[in-house]
Each structure stands twice: as structure tokens, then as C-alpha cells.
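Everything below concerns the one structure shown next.
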Amino acid sequence: MGATVIDIDALERYHWVSPIDPAGLFGYAYVILGSMMGGKIIVKRLRAILGPTASFTFYGNENGRCEALWASFCSDLEENGKDNVDAICSTAVGIFDAYAAWLSQPLPPSGNC
């Protein structure tokens with residue numbers, strides 16, 4: 001989307017994240033992969049408004065990778081996540097809560113947006 005490395009490095013990061021219990025890593029993957037799937041929906045909407053020549057690389061692309069990753073994740077979760085359901089769910093909730101806290105903070109005035 002035209003951002004430089006300097007632009008990206010200047011973005012404020014959310015620095016408070018609780019350590020993730022290794023047993024809960026599937027919960028983290030759930031949130032990240034779900035976000036990727038949501039990005040596909042955003043791209044579809046933006047493409048309808050901005051046209052096919054706009055760059056949507058920030059949101060990934062539509063080469064089917066999200067679906068393949070999601071299918072692999074679900075299979076792995078079914079096979080290896082049954083003993084860690086509480087840790088998986090609490091990690092996912094913690095990541096969602098961290099996103100909510102970070103994204104609910106007002107943006108600092110910068111004049112760039």
C-alpha cells in the first residue's frame with residue numbers, strides 16, 4: 001500500500017501481551033488465521049470499490065493459501081488440541097482482548113490520516 005520500512009517501523013506497537021502458554025498456541029493460530037480469512041472479505045469489498053488495479057497486498061491475496069492454512073490448522077487442532085482446550089480458548093480470548101485494548105485506544109494526532 002506504498003508504506004516504507006520507515007513508515008512501518010514508526011507505527012506504534014502494543015507492548016503488553018501476556019506470555020503465551022505453549023499449550024495455548026492453537027488459540028493464537030486461530031486468531032491469526034481467522035484474521036487472514038477476514039482480510040479476504042475486506043479485499044473483496046475494497047476491490048468492488050477501488051477496482052482491480054488497486055494494491056491489496058496488505059491483506060494478502062486470493063491464491064487459496066488462507067483456505068489451505070485453515071484446513072491444515074483445523075486438522076492439526078482436531079488431532080493434537082483435544083488435551084489443551086482450556087489453554088487454547090484462554091489464549092485466543094487473551095489475544096482478542098489484547099487486540100481490543102490496543103485498537104480501542106485513540107490514535108495520537110499526527111496529521112497523516
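By order of appearance in the C-alpha cells: chains A, B, ..., then residues from 1 within every chain, and ligands from 1 in the order shown.
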
Query raised in the report: Near Leu77 in chain A, within 10 Å and counting only C-alpha atoms, which residues show up once chain neighbours fewer than 3 positions away are dropped, as a ChimeraX atom specification?
Result: /A:26-27,29-30,71-74,80-82,84-85,88

Residues of chain A in alpha helix (DSSP H), written as a short mmCIF file (atom, residue, chain, number, x, y, z; two decimals) with N, CA and C atoms, in the first residue's frame:
data_model
loop_
_atom_site.label_atom_id
_atom_site.label_comp_id
_atom_site.auth_asym_id
_atom_site.auth_seq_id
_atom_site.Cartn_x
_atom_site.Cartn_y
_atom_site.Cartn_z
N VAL A 5 9.59 0.89 4.89
CA VAL A 5 10.05 0.24 6.12
C VAL A 5 10.06 1.26 7.26
N ILE A 6 10.46 2.48 6.95
CA ILE A 6 10.48 3.53 7.98
C ILE A 6 9.07 3.84 8.46
N ASP A 7 8.11 3.90 7.54
CA ASP A 7 6.70 4.13 7.91
C ASP A 7 6.21 3.02 8.83
N ILE A 8 6.50 1.80 8.47
CA ILE A 8 6.04 0.65 9.26
C ILE A 8 6.72 0.63 10.62
N ASP A 9 8.02 0.90 10.66
CA ASP A 9 8.74 0.94 11.94
C ASP A 9 8.22 2.04 12.85
N ALA A 10 7.66 3.10 12.27
CA ALA A 10 7.15 4.22 13.07
C ALA A 10 5.79 3.92 13.69
N LEU A 25 -0.98 -22.37 22.03
CA LEU A 25 -0.58 -21.82 20.75
C LEU A 25 -1.64 -21.99 19.66
N PHE A 26 -2.44 -23.04 19.74
CA PHE A 26 -3.52 -23.19 18.77
C PHE A 26 -4.50 -22.02 18.86
N GLY A 27 -4.69 -21.47 20.07
CA GLY A 27 -5.56 -20.31 20.23
C GLY A 27 -5.02 -19.09 19.52
N TYR A 28 -3.71 -18.90 19.58
CA TYR A 28 -3.06 -17.81 18.87
C TYR A 28 -3.22 -18.01 17.36
N ALA A 29 -2.96 -19.22 16.89
CA ALA A 29 -3.08 -19.52 15.46
C ALA A 29 -4.52 -19.30 14.99
N TYR A 30 -5.48 -19.65 15.81
CA TYR A 30 -6.89 -19.44 15.47
C TYR A 30 -7.16 -17.96 15.18
N VAL A 31 -6.67 -17.09 16.05
CA VAL A 31 -6.91 -15.66 15.88
C VAL A 31 -6.19 -15.14 14.62
N ILE A 32 -4.96 -15.53 14.43
CA ILE A 32 -4.19 -15.04 13.28
C ILE A 32 -4.79 -15.55 11.97
N LEU A 33 -5.07 -16.84 11.89
CA LEU A 33 -5.64 -17.38 10.66
C LEU A 33 -7.04 -16.83 10.40
N GLY A 34 -7.80 -16.63 11.45
CA GLY A 34 -9.12 -16.01 11.29
C GLY A 34 -9.01 -14.59 10.76
N SER A 35 -7.99 -13.88 11.20
CA SER A 35 -7.76 -12.53 10.69
C SER A 35 -7.42 -12.56 9.21
N MET A 36 -6.64 -13.56 8.81
CA MET A 36 -6.31 -13.69 7.39
C MET A 36 -7.56 -13.95 6.56
N MET A 37 -8.44 -14.79 7.08
CA MET A 37 -9.68 -15.07 6.36
C MET A 37 -10.53 -13.81 6.29
N GLY A 38 -10.55 -13.02 7.37
CA GLY A 38 -11.27 -11.75 7.36
C GLY A 38 -10.70 -10.78 6.35
N GLY A 39 -9.37 -10.83 6.16
CA GLY A 39 -8.73 -9.98 5.17
C GLY A 39 -9.23 -10.25 3.77
N LYS A 40 -9.53 -11.51 3.49
CA LYS A 40 -10.07 -11.85 2.17
C LYS A 40 -11.41 -11.17 1.93
N ILE A 41 -12.22 -11.10 2.97
CA ILE A 41 -13.53 -10.44 2.86
C ILE A 41 -13.33 -8.94 2.63
N ILE A 42 -12.36 -8.36 3.35
CA ILE A 42 -12.07 -6.93 3.18
C ILE A 42 -11.61 -6.66 1.76
N VAL A 43 -10.71 -7.50 1.23
CA VAL A 43 -10.21 -7.33 -0.14
C VAL A 43 -11.35 -7.38 -1.15
N LYS A 44 -12.24 -8.32 -0.97
CA LYS A 44 -13.37 -8.44 -1.89
C LYS A 44 -14.19 -7.15 -1.92
N ARG A 45 -14.44 -6.60 -0.74
CA ARG A 45 -15.21 -5.36 -0.66
C ARG A 45 -14.44 -4.18 -1.26
N LEU A 46 -13.14 -4.08 -0.90
CA LEU A 46 -12.34 -2.98 -1.42
C LEU A 46 -12.18 -3.06 -2.94
N ARG A 47 -12.00 -4.27 -3.45
CA ARG A 47 -11.83 -4.44 -4.89
C ARG A 47 -13.08 -3.94 -5.63
N ALA A 48 -14.26 -4.20 -5.05
CA ALA A 48 -15.51 -3.75 -5.67
C ALA A 48 -15.57 -2.22 -5.71
N ILE A 49 -14.95 -1.56 -4.74
CA ILE A 49 -14.99 -0.10 -4.67
C ILE A 49 -13.82 0.53 -5.42
N LEU A 50 -12.61 -0.01 -5.20
CA LEU A 50 -11.40 0.62 -5.74
C LEU A 50 -10.95 0.06 -7.09
N ARG A 65 -4.31 -19.69 -0.36
CA ARG A 65 -3.42 -20.03 0.75
C ARG A 65 -4.15 -20.00 2.09
N CYS A 66 -5.03 -19.04 2.28
CA CYS A 66 -5.77 -18.96 3.55
C CYS A 66 -6.57 -20.23 3.79
N GLU A 67 -7.27 -20.67 2.76
CA GLU A 67 -8.08 -21.87 2.91
C GLU A 67 -7.23 -23.09 3.22
N ALA A 68 -6.09 -23.21 2.54
CA ALA A 68 -5.20 -24.35 2.78
C ALA A 68 -4.64 -24.30 4.20
N LEU A 69 -4.24 -23.11 4.65
CA LEU A 69 -3.73 -22.98 6.02
C LEU A 69 -4.82 -23.28 7.04
N TRP A 70 -6.03 -22.78 6.77
CA TRP A 70 -7.14 -23.02 7.70
C TRP A 70 -7.46 -24.51 7.78
N ALA A 71 -7.51 -25.19 6.65
CA ALA A 71 -7.80 -26.62 6.63
C ALA A 71 -6.72 -27.39 7.39
N SER A 72 -5.47 -27.03 7.17
CA SER A 72 -4.37 -27.69 7.87
C SER A 72 -4.45 -27.43 9.37
N PHE A 73 -4.75 -26.17 9.74
CA PHE A 73 -4.91 -25.82 11.14
C PHE A 73 -6.01 -26.64 11.80
N CYS A 74 -7.18 -26.70 11.15
CA CYS A 74 -8.31 -27.45 11.73
C CYS A 74 -7.98 -28.91 11.91
N SER A 75 -7.32 -29.49 10.93
CA SER A 75 -6.92 -30.89 11.02
C SER A 75 -5.95 -31.11 12.17
N ASP A 76 -4.96 -30.24 12.27
CA ASP A 76 -3.97 -30.35 13.34
C ASP A 76 -4.61 -30.13 14.70
N LEU A 77 -5.53 -29.18 14.78
CA LEU A 77 -6.24 -28.91 16.03
C LEU A 77 -7.05 -30.13 16.47
N GLU A 78 -7.77 -30.72 15.55
CA GLU A 78 -8.56 -31.92 15.87
C GLU A 78 -7.67 -33.06 16.37
N GLU A 79 -6.52 -33.19 15.74
CA GLU A 79 -5.62 -34.29 16.09
C GLU A 79 -4.82 -34.04 17.36
N ASN A 80 -4.41 -32.78 17.58
CA ASN A 80 -3.46 -32.51 18.66
C ASN A 80 -3.94 -31.52 19.72
N VAL A 85 -7.77 -27.83 25.51
CA VAL A 85 -8.89 -26.96 25.13
C VAL A 85 -8.93 -25.70 25.98
N ASP A 86 -8.77 -25.82 27.30
CA ASP A 86 -8.83 -24.63 28.15
C ASP A 86 -7.72 -23.64 27.82
N ALA A 87 -6.50 -24.13 27.64
CA ALA A 87 -5.38 -23.24 27.31
C ALA A 87 -5.57 -22.61 25.94
N ILE A 88 -6.07 -23.39 25.00
CA ILE A 88 -6.30 -22.87 23.64
C ILE A 88 -7.34 -21.75 23.67
N CYS A 89 -8.45 -21.99 24.35
CA CYS A 89 -9.51 -20.99 24.41
C CYS A 89 -9.07 -19.75 25.18
N SER A 90 -8.37 -19.93 26.30
CA SER A 90 -7.95 -18.76 27.07
C SER A 90 -6.90 -17.94 26.31
N THR A 91 -6.05 -18.61 25.54
CA THR A 91 -5.08 -17.87 24.72
C THR A 91 -5.79 -17.07 23.65
N ALA A 92 -6.75 -17.68 22.96
CA ALA A 92 -7.50 -16.95 21.92
C ALA A 92 -8.22 -15.75 22.52
N VAL A 93 -8.86 -15.93 23.65
CA VAL A 93 -9.56 -14.83 24.31
C VAL A 93 -8.56 -13.74 24.70
N GLY A 94 -7.39 -14.14 25.22
CA GLY A 94 -6.37 -13.16 25.59
C GLY A 94 -5.88 -12.35 24.40
N ILE A 95 -5.71 -13.01 23.26
CA ILE A 95 -5.27 -12.30 22.05
C ILE A 95 -6.36 -11.33 21.58
N PHE A 96 -7.61 -11.81 21.57
CA PHE A 96 -8.72 -10.92 21.20
C PHE A 96 -8.80 -9.73 22.15
N ASP A 97 -8.64 -9.98 23.45
CA ASP A 97 -8.68 -8.88 24.43
C ASP A 97 -7.54 -7.89 24.21
N ALA A 98 -6.35 -8.41 23.89
CA ALA A 98 -5.21 -7.54 23.62
C ALA A 98 -5.48 -6.68 22.38
N TYR A 99 -6.02 -7.29 21.33
CA TYR A 99 -6.39 -6.52 20.14
C TYR A 99 -7.42 -5.45 20.49
N ALA A 100 -8.43 -5.83 21.25
CA ALA A 100 -9.48 -4.88 21.62
C ALA A 100 -8.91 -3.71 22.41
N ALA A 101 -8.04 -3.99 23.37
CA ALA A 101 -7.44 -2.92 24.16
C ALA A 101 -6.57 -2.01 23.30
N TRP A 102 -5.78 -2.61 22.43
CA TRP A 102 -4.89 -1.84 21.57
C TRP A 102 -5.67 -0.99 20.58
N LEU A 103 -6.65 -1.59 19.93
CA LEU A 103 -7.40 -0.89 18.89
C LEU A 103 -8.41 0.11 19.43
N SER A 104 -8.73 0.01 20.73
CA SER A 104 -9.70 0.96 21.29
C SER A 104 -9.03 2.23 21.78
#
